[in-house]
Every structure is written in C-alpha cells, then in structure tokens.
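**Q** Before I ask anything, here is the structure I am working with.
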Amino acid sequence: MIYKIVVTQFSKMLNNLLAILSEAEKYAGEKKFETGVLLQARLAPDQFNLIRQIQTACDTAKLGVARMAGTEKDAPSHADTEATMGEIRARIESVIAYLGSFKPDAFGNAAARRITQPRWNGKSLSGEEFLLQHVIPNFYFHVAAAYAILRHNGVPIGKKNYLGDMPYRDPA
C-alpha cells in the first residue's frame, strides 16, 4: 500500500501538475502575458509563490519516498533555482522519473523505520506516522496550493484537471 501512495499516486499528481502547467502556458499565450507572472504569483503575501509551491511538492515526494525506503542519500538534489516554466517542468519530470525507479519491495520495512529530519531537533516519527502525518498532507497541500494559485489567476482549470484521469470501469 505504501508504494501505491508514495510512488503511484504522487507520480499521478505530479503528472496532473504538468498538465495544469500546460493549461497555464496556454492561458498566458492567449492573454498575451509572460508565464513568469504566474510563476511568481501567490495567494497571500506570506505564502510561497507558485515556483516554491512546486519545488516543495517535488521535495516532499522525492524525500518522502527516499526516507520511507531508507535511501535518502541517493535522492536527487535540486538547487531551487528554477525561474522558467521549462525549468520547473524539468524538475517535476526528474522527480517523476526518480519515483519510477522504486519497486514495491523497497518499502517492506517502511512503516516501522524511524525517520527524522534536521529541523526536528533529534525527534523522530515511525515511517507510518511520517507518511500519514507529514508526507501525504504536506504533498497535497503544496500541489493544491499550486492549483489554487493558477485558478485564482484565471487559468481555466477545475477539479477534473486536479484529479486527472480516473480508473473508471463499466458496471459489471
């Protein structure tokens, strides 16, 4: 189940974010303004801008997976210098590729693993607590904030764009 959440579902949401960014680029083109305006947009003065929301969603996904699998030292590093739509897309794509390198068995001991981060001052969470209390909510918070910034700025996207394709089946 951990694999389905942190690899399958996070990859899906990052791909949805790429599709949403395509809609933002299309919108900027139609309205004849630079996409940089959207990349610097934020919902409130003390909130991260769109670029930082996406960077944080990507970091949460890649580091969450790496910490759950016990491979944090192998996680890709990003310098947080993205300034263009192409650069932020490349970051998302690199995280999707990284997530795709994991197999389900990488998470065999993940729920019981003790996980810490420097800013926790030596405190830790179990892998299960880390996943449920930190990784999942933090990832979706930043993806939803990125969506909301674009929607607030007029990009014609809706819940279907956020959720992406669903695995609907015909009735039995």
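Identifiers in this document derive from the order of the structure tokens: chains are assigned A, B, ..., residues are numbered from 1 separately in each chain, and ligands are numbered from 1 in order of occurrence.
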Could you pull the residues within 10 Å of Ala146 of chain A, counting only C-alpha atoms, minus those fewer than 5 positions along the same chain, as a ChimeraX atom specification?

**A** /A:17,20-21,39,41-43,48-54,57,140-141,151-152

**Q** Can you list, as a PyMOL selection string, every protein, DNA or RNA residue that comes within 8 Å of Ile92 of chain A when you count only C-alpha atoms, leaving out same-chain residues fewer than 2 positions away?

**A** chain A and resi 14+18+54+58+88-90+94-96

**Q** Using N, CA and C atoms, can you write the selected residues to a file as a compact mmCIF listing (two decimals), in the first residue's frame?

**A**
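Result file is part_3.txt:
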```
# COMPACT_ATOMS: atom_id res chain seq x y z
N LEU A 14 1.82 14.53 -9.78
CA LEU A 14 2.83 15.37 -10.43
C LEU A 14 2.60 15.44 -11.93
N LEU A 18 1.84 18.75 -14.23
CA LEU A 18 2.40 19.08 -15.55
C LEU A 18 1.30 19.48 -16.52
N ILE A 54 5.67 24.36 -6.06
CA ILE A 54 6.01 23.19 -6.87
C ILE A 54 7.32 22.57 -6.38
N CYS A 58 7.58 18.75 -4.97
CA CYS A 58 8.58 17.81 -5.51
C CYS A 58 9.51 17.28 -4.41
N ILE A 88 10.90 24.49 -14.26
CA ILE A 88 10.06 23.88 -13.22
C ILE A 88 9.46 22.57 -13.74
N ARG A 89 9.15 22.51 -15.04
CA ARG A 89 8.67 21.27 -15.64
C ARG A 89 9.76 20.19 -15.56
N ALA A 90 11.00 20.57 -15.85
CA ALA A 90 12.11 19.62 -15.79
C ALA A 90 12.27 19.06 -14.38
N SER A 94 11.92 15.17 -13.43
CA SER A 94 13.02 14.42 -12.80
C SER A 94 12.54 13.70 -11.54
N VAL A 95 11.61 14.31 -10.81
CA VAL A 95 11.08 13.65 -9.61
C VAL A 95 10.20 12.47 -10.01
N ILE A 96 9.40 12.63 -11.06
CA ILE A 96 8.58 11.51 -11.54
C ILE A 96 9.49 10.35 -11.95
```

**Q** Smallest atom-to-atom distance to Ala24 of chain A: which of A:Gly154, A:Pro45, A:Gly127, A:Pro76, using only C-alpha atoms?

**A**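 Smallest separation from Ala24 of chain A among the options: A:Gly154.
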
**Q** Please determine, counting only C-alpha atoms, which residue among A:Ala83, A:Leu150, A:Ile115, A:Ala69 has the shortest atom-to-atom distance to His134 of chain A.

**A**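 Checking each of A:Ala83, A:Leu150, A:Ile115, A:Ala69 against His134 of chain A, counting only C-alpha atoms, the winner is A:Ile115.
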
**Q** Could you tell me which of A:Ala148, A:Val155, A:Ala106, A:Leu131 comes closest to Lys31 of chain A if we count only C-alpha atoms?

**A**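 Among the listed residues, the smallest separation from Lys31 of chain A belongs to A:Val155.
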
**Q** In Å, with one decimal, what is the gap from atom CA of Asn15 of chain A to atom CA of Gly70 of chain A?

**A**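 Separation of atom CA of Asn15 of chain A and atom CA of Gly70 of chain A: 24.7 Å.
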
**Q** Which is closer to Gly164 of chain A than all the others in A:Gly64, A:Ala19, A:Arg91, A:Val135, using only C-alpha atoms?

**A**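 Ranking A:Gly64, A:Ala19, A:Arg91, A:Val135 by distance to Gly164 of chain A, first place goes to A:Ala19.
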
**Q** From the options A:Gly86, A:Asn16, A:Ala79, A:Thr71, which residue's atoms come nearest to Thr35 of chain A, counting only C-alpha atoms?

**A** A:Gly86

**Q** Identify all residues of chain A in strand (DSSP E or B) (DSSP on the backbone) and supply them as number ranges by chain.

**A** A: 114-115, 125-126

**Q** Per DSSP on the backbone, what are the alpha helix (DSSP H) residues of chain A, as a PyMOL selection string?

**A** chain A and resi 2-3+10-31+35-39+50-69+85-100+127-129+136-152+159-163

**Q** What does the distance between atom CA of Ala110 of chain A and atom CA of Leu163 of chain A come to in Å, to one decimal place?

**A** 26.6 Å

**Q** Given only C-alpha atoms as the basis, pick out the residue of A:Ala61, A:Ala111, A:Leu99, A:Met13 nearest to Leu132 of chain A.

**A**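 Residue with the minimum atom-to-atom distance to Leu132 of chain A: A:Ala111.
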